Number of protein chains: 2
Amino acid sequence: MTMPISPISRRKTYELVADRLVALIGDGSLQPGDQLPTERELTGSFHVGRSSVREALRMLESQGVIRSVNGGVFVIADAAYPLNSSLRLLLTLDEQTRLHDVIELRSILECEAAALAAERHSPDHLTLMDGAIEEMANSLEDPEGDVFIDADLRFHLAVAEATGNRVLFHSMHAVRDVIRRMLMTVFRMPGSAARAVEEHRAIRAAIADGDPTRARDEMRAHLARVELDVQKGGGDG
Amino acid sequence: MTMPISPISRRKTYELVADRLVALIGDGSLQPGDQLPTERELTGSFHVGRSSVREALRMLESQGVIRSVNGGVFVIADAAYPLNSSLRLLLTLDEQTRLHDVIELRSILECEAAALAAERHSPDHLTLMDGAIEEMANSLEDPEGDVFIDADLRFHLAVAEATGNRVLFHSMHAVRDVIRRMLMTVFRMPGSAARAVEEHRAIRAAIADGDPTRARDEMRAHLARVELDVQKGGGDG
DNA sequence: CAGGATCAGATTGTCTGACGATCAGCCGTT
DNA sequence: AACGGCTGATCGTCAGACAATCTGATCCTG
């Protein structure tokens with residue numbers, strides 16, 4: 001008895017404005033890095049009130065599509081990582097979700113990414129990985145872990161990029177973003193960072209050899225060891 | 001020369017309001033399904049203007065935390081799936097991202113979920129899967145595919161739930177949401193739905209036997225077959 | 001008494017005007 | 001040339017107003 005009557009949805013003005021802006025970005029009219037028209041210009045262009053424009057901008061801002069720099073500029077975010085904030089929000093809201101779940105998801109994603117990378121990588125990707133490993137090795141003595149952590153991130157993102165799968169890439173980025181603090185504690189553990197460099201070399205070698213199974217296993221071993229160190233080092237509960 | 005001076009960030013009022021509301025949800029003061037205070041009540045409670053309250057609500061709304069039903073009610077969403085809209089947005093914005101990427105990610109997530117489910121499932125989860133399979137079998141004749149698709153979704157979510165990993169669960173939910181339309185085309189292919197029922201039974205059996213490898217393989221075979229049917233059936237490019 | 005129409009109140013959706021704070025760029029002074 | 005201050009533009013925020021819509025109660029009619 002389902003009647004072919006679709007529900008009437010009263011689209012609100014700020015939703016329409018947000019859709020229009022997203023469409024402008026989607027078709028390339030607004031490039032990443034561009035500055036948006038001012039609120040008042042948008043008000044005039046769309047023939048809506050400033051409230052509606054502002055509420056639309058808040059939606060886009062909270063989704064990571066745009067960034068609102070104080071003072072007077074609206075800039076489209078350098079890259080669209082809408083998943084990051086969502087994942088963080090999920091951890092805040094869903095009490096049942098534990099950080100360990102994120103780590104497990106990370107392991108799943110990265111292991112399979114390594115396997116796919118072994119099959120699909122190009123020489124450029126290997127170069128990226130080598131550069132990242134080099135920088136990790138060079139920053140072992142740095143008291144601040146930031147350089148090391150960034151290089152580590154760069155390596156794993158290079159693996160993700162080698163898969164050619166953008167969603168996988170963005171997902172890994174989001175997961176990484178959430179557990180970044182945790183990785184810092186690992187860096188401080190004596191010897192842990194040095195071992196990570198060796199493990200990365202092994203992963204890189206397996207990918208370069210085009211051996212998916214070995215790449216997956218090396219990645220799994222690496223992540224398992226890191227997680228063990230986190231537990232020993234007293235990561236958060 | 002890095003001085004230990006952290007940058008001063010001027011938190012905007014609407015962000016503060018949004019944070020407070022999220023905190024209220026996080027600590028249980030606001031339960032899912034509850035109705036929020038009216039905008040004017042929030043205005044009075046927080047001593048801020050209505051604009052700030054509204055912009056905060058727009059942020060939460062666009063993240064899927066609350067839902068704004070027209071007329072006069074604000075309700076906290078039944079469940080927090082902030083990942084769904086983000087994933088959809090990613091497809092709209094990042095031109096390089098293709099639907100195939102999402103399908104590949106789905107395959108990764110579901111195969112590993114099946115393996116984990118084989119190790120961690122409880123009898124209740126098997127019951128859920130059985131119910132879903134039953135309903136799929138019963139709705140094979142239904143011209144509309146909705147009932148079948150919903151039951152299919154229920155099966156896969158039961159697998160995800162059996163892993164005990166909430167992030168995995170939410171991620172699978174988000175991915176499913178994006179490719180739902182695609183699954184519809186598969187349902188219309190003659191014989192495809194019936195085969196899906198059989199494949200689900202095989203997956204369920206492997207999980208019940210506690211055999212991770214077999215569960216993973218059965219899931220992989222199922223998804224590969226579905227994707228093949230999608231291509232034959234002329235899914236979108 | 002049942003059922004529908006009608007009205008009042010509340011709430012959101014939207015626009016407008018206003019004011020302070022902040023930032024970028026220009027200009028004058030030293 | 002370097003520094004400090006001025007000016008205009010823009011955002012952040014608030015207050016007020018009005019239309020549209022929903023909820024619930026009341027009233028009318030059969």
# chains A, B, ... in the order shown; residues from 1 in each chain; ligands from 1
$ closest_atom_pairs --of "chain C" --to "chain A" --cutoff "6 Å" --atoms "only C-alpha atoms (C1' of nucleotides)" --output "Markdown table"
| residue | atom | partner | partner_atom | distance |
| --- | --- | --- | --- | --- |
| C:DC15 | C1' | A:Gly49 | CA | 5.3 |
| C:DT22 | C1' | A:Gly71 | CA | 5.2 |
| C:DC23 | C1' | A:Gly71 | CA | 5.1 |
$ write_last_selection --atoms "C-alpha atoms (C1' of nucleotides)" --output "compact mmCIF listing (two decimals), in the first residue's frame"
# COMPACT_ATOMS: atom_id res chain seq x y z
C1' DC C 15 15.49 39.73 7.09
C1' DT C 22 40.06 43.12 14.11
C1' DC C 23 42.89 43.14 10.03
$ closest_atom_pairs --of "chain A" --to "chain B" --cutoff "9 Å" --atoms "only C-alpha atoms" --output "Markdown table"
| residue | atom | partner | partner_atom | distance |
| --- | --- | --- | --- | --- |
| A:Arg10 | CA | B:Asn70 | CA | 8.2 |
| A:Val22 | CA | B:Leu93 | CA | 7.4 |
| A:Ala23 | CA | B:Thr92 | CA | 8.1 |
| A:Ile25 | CA | B:Leu93 | CA | 6.7 |
| A:Gly26 | CA | B:Leu93 | CA | 4.9 |
| A:Asp27 | CA | B:Leu93 | CA | 8.5 |
| A:Ser51 | CA | B:Ser51 | CA | 7.5 |
| A:Arg54 | CA | B:Glu55 | CA | 7.5 |
| A:Glu55 | CA | B:Glu55 | CA | 5.3 |
| A:Ala56 | CA | B:Arg58 | CA | 7.8 |
| A:Leu57 | CA | B:Glu55 | CA | 9.0 |
| A:Arg58 | CA | B:Met59 | CA | 5.8 |
| A:Met59 | CA | B:Met59 | CA | 5.0 |
| A:Leu60 | CA | B:Ser62 | CA | 8.0 |
| A:Glu61 | CA | B:Met59 | CA | 7.8 |
| A:Ser62 | CA | B:Met59 | CA | 5.5 |
| A:Gln63 | CA | B:Gln63 | CA | 6.9 |
| A:Val65 | CA | B:Leu93 | CA | 8.6 |
| A:Asn70 | CA | B:Arg10 | CA | 8.2 |
| A:Ala79 | CA | B:Asp94 | CA | 8.7 |
| A:Ala80 | CA | B:Leu90 | CA | 7.1 |
| A:Tyr81 | CA | B:Leu90 | CA | 7.6 |
| A:Pro82 | CA | B:Ser86 | CA | 5.4 |
| A:Leu83 | CA | B:Ser86 | CA | 5.6 |
| A:Ser85 | CA | B:Gln63 | CA | 8.9 |
| A:Ser86 | CA | B:Pro82 | CA | 5.4 |
| A:Leu87 | CA | B:Leu83 | CA | 6.9 |
| A:Leu89 | CA | B:Pro82 | CA | 7.5 |
| A:Leu90 | CA | B:Pro82 | CA | 6.8 |
| A:Leu91 | CA | B:Val167 | CA | 8.5 |
| A:Thr92 | CA | B:Gly26 | CA | 6.1 |
| A:Leu93 | CA | B:Gly26 | CA | 5.0 |
| A:Asp94 | CA | B:Ala80 | CA | 7.1 |
| A:Glu95 | CA | B:Gly26 | CA | 7.4 |
| A:Gln96 | CA | B:Arg166 | CA | 7.0 |
| A:Thr97 | CA | B:Arg166 | CA | 5.3 |
| A:Arg98 | CA | B:Arg166 | CA | 7.8 |
| A:His100 | CA | B:Asn165 | CA | 8.5 |
| A:Asp101 | CA | B:Asn165 | CA | 5.3 |
| A:Val102 | CA | B:Val167 | CA | 6.2 |
| A:Glu104 | CA | B:Asn165 | CA | 8.0 |
| A:Leu105 | CA | B:Leu168 | CA | 6.3 |
| A:Ile108 | CA | B:Glu112 | CA | 7.0 |
| A:Leu109 | CA | B:Ile108 | CA | 7.4 |
| A:Glu112 | CA | B:Ile108 | CA | 7.0 |
| A:Gly164 | CA | B:Asp101 | CA | 8.4 |
| A:Asn165 | CA | B:Asp101 | CA | 5.3 |
| A:Arg166 | CA | B:Thr97 | CA | 5.3 |
| A:Val167 | CA | B:Asp101 | CA | 5.9 |
| A:Leu168 | CA | B:Leu105 | CA | 6.3 |
| A:His170 | CA | B:Leu90 | CA | 8.8 |
$ interface_residues --of "chain D" --to "chain A" --cutoff "9 Å" --atoms "only C-alpha atoms (C1' of nucleotides)" --output "MDAnalysis selection string"
chainID D and resid 9:11
$ select_by_dssp --residues "range 23-222 of chain A" --states "strand (DSSP E or B)" --output "JSON, numbers by chain"
{"A": [35, 66, 67, 68, 69, 73, 74, 75, 76]}
$ write_last_selection --atoms "C-alpha atoms" --output "tab-separated table (two decimals), in the first residue's frame"
chain	number	residue	atom	x	y	z
A	35	GLN	CA	38.86	33.42	-1.15
A	66	ILE	CA	35.85	26.21	4.29
A	67	ARG	CA	37.89	27.87	6.97
A	68	SER	CA	36.95	31.13	8.61
A	69	VAL	CA	40.10	33.07	9.40
A	73	VAL	CA	38.63	36.37	5.03
A	74	PHE	CA	36.89	33.21	4.07
A	75	VAL	CA	39.08	30.69	2.39
A	76	ILE	CA	38.29	27.32	0.98
$ select_by_dssp --residues "chain B" --states "helix (DSSP H, G or I)" --output "JSON, numbers by chain"
{"B": [13, 14, 15, 16, 17, 18, 19, 20, 21, 22, 23, 24, 25, 26, 39, 40, 41, 42, 43, 44, 45, 46, 50, 51, 52, 53, 54, 55, 56, 57, 58, 59, 60, 61, 62, 82, 83, 84, 85, 86, 87, 88, 89, 90, 91, 92, 93, 99, 100, 101, 102, 103, 104, 105, 106, 107, 108, 109, 110, 111, 112, 113, 114, 115, 116, 117, 118, 119, 120, 123, 124, 125, 126, 127, 128, 129, 130, 131, 132, 133, 134, 135, 136, 137, 138, 146, 147, 148, 149, 150, 151, 152, 153, 154, 155, 156, 157, 158, 159, 160, 161, 162, 166, 167, 168, 169, 170, 171, 172, 173, 174, 175, 176, 177, 178, 179, 180, 181, 182, 183, 184, 185, 186, 187, 188, 192, 193, 194, 195, 196, 197, 198, 199, 200, 201, 202, 203, 204, 205, 206, 207, 208, 212, 213, 214, 215, 216, 217, 218, 219, 220, 221, 222, 223, 224, 225, 226, 227, 228, 229, 230, 231, 232, 233]}
$ residues_around --residues "range 117-130 of chain B" --least-positions-apart "5" --cutoff "7 Å" --atoms "only C-alpha atoms (C1' of nucleotides)" --output "list in words"
Phe155, Ala158, Val159, Ala162, Thr163, Ile207, Ala208, Gly210, Asp211, Pro212 and Ala215 of chain B
$ atom_distance --atom1 "CA of Ala224 in chain B" --atom2 "CA of Ser107 in chain B"
8.3 Å
$ residues_around --residues "His156 in chain B" --least-positions-apart "5" --cutoff "10 Å" --atoms "only C-alpha atoms (C1' of nucleotides)" --output "MDAnalysis selection string"
chainID B and resid 110 113:114 129 132 151 161:162 169 172:173 176 200 219
$ write_last_selection --atoms "C-alpha atoms" --output "tab-separated table (two decimals), in the first residue's frame"
chain	number	residue	atom	x	y	z
B	110	GLU	CA	33.57	-5.86	5.38
B	113	ALA	CA	34.83	-7.30	9.81
B	114	ALA	CA	33.73	-10.78	8.84
B	129	MET	CA	21.99	-12.51	10.98
B	132	ALA	CA	18.05	-10.72	8.25
B	151	ALA	CA	17.44	-6.67	5.35
B	161	GLU	CA	28.33	-5.26	15.42
B	162	ALA	CA	29.70	-8.70	16.13
B	169	PHE	CA	30.38	-0.27	12.56
B	172	MET	CA	30.49	0.51	7.30
B	173	HIS	CA	27.21	2.26	7.88
B	176	ARG	CA	26.60	1.56	2.83
B	200	HIS	CA	24.98	-14.66	3.08
B	219	MET	CA	32.65	-12.16	2.17
$ atom_distance --atom1 "CA of Gly131 in chain A" --atom2 "CA of Leu228 in chain A"
26.6 Å
$ residues_around --residues "DG24 in chain D" --least-positions-apart "6" --cutoff "12 Å" --atoms "only C-alpha atoms (C1' of nucleotides)" --output "PyMOL selection string"
chain C and resi 7-10
$ decode --residues "chain C" --atoms "N, CA and C atoms (P, O5', C5', C4', C3', O3' and C1' of nucleotides)" --output "compact mmCIF listing (two decimals), in the first residue's frame"
# COMPACT_ATOMS: atom_id res chain seq x y z
P DC C 1 -19.78 12.43 26.59
O5' DC C 1 -20.67 12.25 25.26
C5' DC C 1 -21.05 10.94 24.87
C4' DC C 1 -20.80 10.76 23.38
C3' DC C 1 -19.35 11.09 22.99
O3' DC C 1 -18.82 10.07 22.16
C1' DC C 1 -20.86 12.35 21.66
P DA C 2 -17.29 10.01 21.84
O5' DA C 2 -17.27 10.33 20.27
C5' DA C 2 -18.12 9.57 19.40
C4' DA C 2 -17.95 10.05 17.97
C3' DA C 2 -16.50 10.29 17.55
O3' DA C 2 -16.32 9.87 16.21
C1' DA C 2 -17.73 12.33 17.43
P DG C 3 -14.87 9.86 15.58
O5' DG C 3 -14.93 11.17 14.68
C5' DG C 3 -16.04 11.35 13.80
C4' DG C 3 -15.93 12.70 13.13
C3' DG C 3 -14.49 13.10 12.77
O3' DG C 3 -14.45 13.58 11.44
C1' DG C 3 -15.50 14.81 14.05
P DG C 4 -13.03 13.83 10.73
O5' DG C 4 -13.15 15.37 10.35
C5' DG C 4 -14.33 15.82 9.70
C4' DG C 4 -14.54 17.30 9.97
C3' DG C 4 -13.35 18.18 9.56
O3' DG C 4 -13.82 19.25 8.75
C1' DG C 4 -13.99 18.65 11.79
P DA C 5 -12.71 20.19 8.06
O5' DA C 5 -12.99 21.59 8.78
C5' DA C 5 -14.31 22.10 8.79
C4' DA C 5 -14.37 23.38 9.63
C3' DA C 5 -13.29 24.40 9.29
O3' DA C 5 -13.87 25.71 9.29
C1' DA C 5 -13.10 23.77 11.57
P DT C 6 -12.94 26.96 8.91
O5' DT C 6 -12.57 27.55 10.34
C5' DT C 6 -13.57 27.57 11.37
C4' DT C 6 -12.99 28.20 12.63
C3' DT C 6 -11.90 29.24 12.36
O3' DT C 6 -12.08 30.36 13.21
C1' DT C 6 -11.09 27.58 13.84
P DC C 7 -11.37 31.75 12.80
O5' DC C 7 -10.61 32.11 14.15
C5' DC C 7 -11.26 31.89 15.40
C4' DC C 7 -10.23 31.59 16.48
C3' DC C 7 -9.01 32.52 16.46
O3' DC C 7 -8.94 33.22 17.69
C1' DC C 7 -8.36 30.24 16.69
P DA C 8 -7.93 34.42 17.83
O5' DA C 8 -6.90 33.83 18.89
C5' DA C 8 -7.39 33.19 20.07
C4' DA C 8 -6.24 32.58 20.84
C3' DA C 8 -5.01 33.47 20.98
O3' DA C 8 -4.46 33.31 22.28
C1' DA C 8 -4.42 31.47 19.85
P DG C 9 -3.29 34.28 22.76
O5' DG C 9 -2.05 33.29 22.85
C5' DG C 9 -2.17 32.06 23.56
C4' DG C 9 -0.99 31.15 23.26
C3' DG C 9 0.37 31.86 23.33
O3' DG C 9 1.19 31.17 24.25
C1' DG C 9 0.15 30.63 21.30
P DA C 10 2.67 31.75 24.53
O5' DA C 10 3.54 30.73 23.67
C5' DA C 10 3.20 29.34 23.70
C4' DA C 10 4.11 28.56 22.76
C3' DA C 10 5.57 29.03 22.76
O3' DA C 10 6.43 27.91 22.72
C1' DA C 10 4.70 29.14 20.57
P DT C 11 7.97 28.10 23.03
O5' DT C 11 8.62 27.88 21.60
C5' DT C 11 8.30 26.71 20.87
C4' DT C 11 8.81 26.83 19.46
C3' DT C 11 10.16 27.53 19.34
O3' DT C 11 11.14 26.64 18.84
C1' DT C 11 8.61 28.34 17.73
P DT C 12 12.63 27.16 18.58
O5' DT C 12 12.72 27.15 16.99
C5' DT C 12 12.23 26.01 16.28
C4' DT C 12 11.90 26.38 14.85
C3' DT C 12 13.11 26.84 14.03
O3' DT C 12 13.09 26.20 12.77
C1' DT C 12 11.40 28.43 13.91
P DG C 13 14.32 26.35 11.78
O5' DG C 13 13.86 27.54 10.84
C5' DG C 13 12.80 27.33 9.93
C4' DG C 13 12.65 28.52 9.00
C3' DG C 13 13.96 29.03 8.39
O3' DG C 13 13.74 29.35 7.02
C1' DG C 13 12.89 30.79 9.56
P DT C 14 14.98 29.75 6.09
O5' DT C 14 14.96 31.33 6.15
C5' DT C 14 13.84 32.03 5.67
C4' DT C 14 13.93 33.49 6.00
C3' DT C 14 15.26 34.15 5.66
O3' DT C 14 15.10 34.85 4.44
C1' DT C 14 14.30 34.95 7.70
P DC C 15 16.37 35.62 3.83
O5' DC C 15 16.13 37.08 4.43
C5' DC C 15 14.88 37.72 4.20
C4' DC C 15 14.82 39.01 5.00
C3' DC C 15 15.99 39.96 4.76
O3' DC C 15 15.52 41.16 4.17
C1' DC C 15 15.49 39.73 7.09
P DT C 16 16.56 42.22 3.63
O5' DT C 16 16.72 43.23 4.84
C5' DT C 16 15.56 43.75 5.48
C4' DT C 16 15.95 44.53 6.71
C3' DT C 16 17.19 45.41 6.55
O3' DT C 16 16.81 46.77 6.67
C1' DT C 16 17.23 44.20 8.62
P DG C 17 17.90 47.92 6.35
O5' DG C 17 18.43 48.30 7.80
C5' DG C 17 17.49 48.57 8.84
C4' DG C 17 18.20 48.70 10.17
C3' DG C 17 19.49 49.54 10.13
O3' DG C 17 19.46 50.51 11.17
C1' DG C 17 19.90 47.44 11.17
P DA C 18 20.53 51.67 11.19
O5' DA C 18 21.47 51.20 12.39
C5' DA C 18 20.87 50.85 13.63
C4' DA C 18 21.87 50.11 14.49
C3' DA C 18 23.25 50.76 14.57
O3' DA C 18 23.42 51.35 15.85
C1' DA C 18 23.36 48.36 14.35
P DC C 19 24.56 52.41 16.09
O5' DC C 19 25.72 51.56 16.77
C5' DC C 19 25.41 50.74 17.88
C4' DC C 19 26.57 49.81 18.16
C3' DC C 19 27.93 50.49 18.02
O3' DC C 19 28.67 50.30 19.21
C1' DC C 19 27.88 48.43 16.85
P DG C 20 30.05 51.07 19.41
O5' DG C 20 31.04 49.83 19.64
C5' DG C 20 30.70 48.82 20.58
C4' DG C 20 31.57 47.60 20.39
C3' DG C 20 33.08 47.87 20.37
O3' DG C 20 33.75 46.88 21.12
C1' DG C 20 32.44 46.81 18.35
P DA C 21 35.31 46.98 21.31
O5' DA C 21 35.84 45.91 20.26
C5' DA C 21 35.32 44.58 20.30
C4' DA C 21 36.10 43.67 19.37
C3' DA C 21 37.61 43.92 19.35
O3' DA C 21 38.28 42.68 19.26
C1' DA C 21 36.70 44.27 17.18
P DT C 22 39.88 42.62 19.37
O5' DT C 22 40.30 42.33 17.87
C5' DT C 22 39.60 41.32 17.14
C4' DT C 22 39.94 41.42 15.66
C3' DT C 22 41.42 41.68 15.37
O3' DT C 22 41.90 40.69 14.50
C1' DT C 22 40.06 43.12 14.11
P DC C 23 43.47 40.42 14.37
O5' DC C 23 43.72 40.70 12.81
C5' DC C 23 42.84 40.11 11.86
C4' DC C 23 42.89 40.88 10.56
C3' DC C 23 44.30 41.24 10.09
O3' DC C 23 44.51 40.76 8.78
C1' DC C 23 42.89 43.14 10.03
P DA C 24 46.01 40.73 8.21
O5' DA C 24 45.91 41.65 6.91
C5' DA C 24 44.71 41.62 6.14
C4' DA C 24 44.72 42.74 5.12
C3' DA C 24 46.10 43.08 4.57
O3' DA C 24 46.01 43.37 3.18
C1' DA C 24 45.20 44.97 5.69
P DG C 25 47.33 43.61 2.34
O5' DG C 25 47.29 45.19 2.11
C5' DG C 25 46.09 45.79 1.64
C4' DG C 25 46.16 47.29 1.82
C3' DG C 25 47.48 47.92 1.32
O3' DG C 25 47.17 48.98 0.44
C1' DG C 25 46.97 48.66 3.52
P DC C 26 48.34 49.78 -0.30
O5' DC C 26 48.21 51.23 0.35
C5' DC C 26 46.92 51.81 0.48
C4' DC C 26 47.01 53.09 1.30
C3' DC C 26 48.18 54.00 0.91
O3' DC C 26 47.70 55.33 0.73
C1' DC C 26 48.24 53.53 3.25
P DC C 27 48.66 56.43 0.13
O5' DC C 27 49.03 57.28 1.42
C5' DC C 27 48.02 57.53 2.40
C4' DC C 27 48.64 58.24 3.59
C3' DC C 27 49.84 59.12 3.24
O3' DC C 27 49.74 60.36 3.88
C1' DC C 27 50.43 57.55 4.90
P DG C 28 50.61 61.57 3.37
O5' DG C 28 51.25 62.04 4.74
C5' DG C 28 50.42 62.23 5.89
C4' DG C 28 51.24 62.04 7.14
C3' DG C 28 52.49 62.91 7.21
O3' DG C 28 52.55 63.58 8.46
C1' DG C 28 53.05 60.62 7.58
P DT C 29 53.62 64.70 8.68
O5' DT C 29 54.61 63.98 9.70
C5' DT C 29 54.06 63.34 10.85
C4' DT C 29 55.14 62.53 11.55
C3' DT C 29 56.46 63.29 11.77
O3' DT C 29 56.85 63.19 13.13
C1' DT C 29 56.87 61.17 10.77
P DT C 30 58.03 64.17 13.64
O5' DT C 30 59.26 63.18 13.74
C5' DT C 30 59.11 61.94 14.48
C4' DT C 30 60.25 61.01 14.14
C3' DT C 30 61.64 61.66 14.23
O3' DT C 30 62.47 60.92 15.11
C1' DT C 30 61.41 60.47 12.20
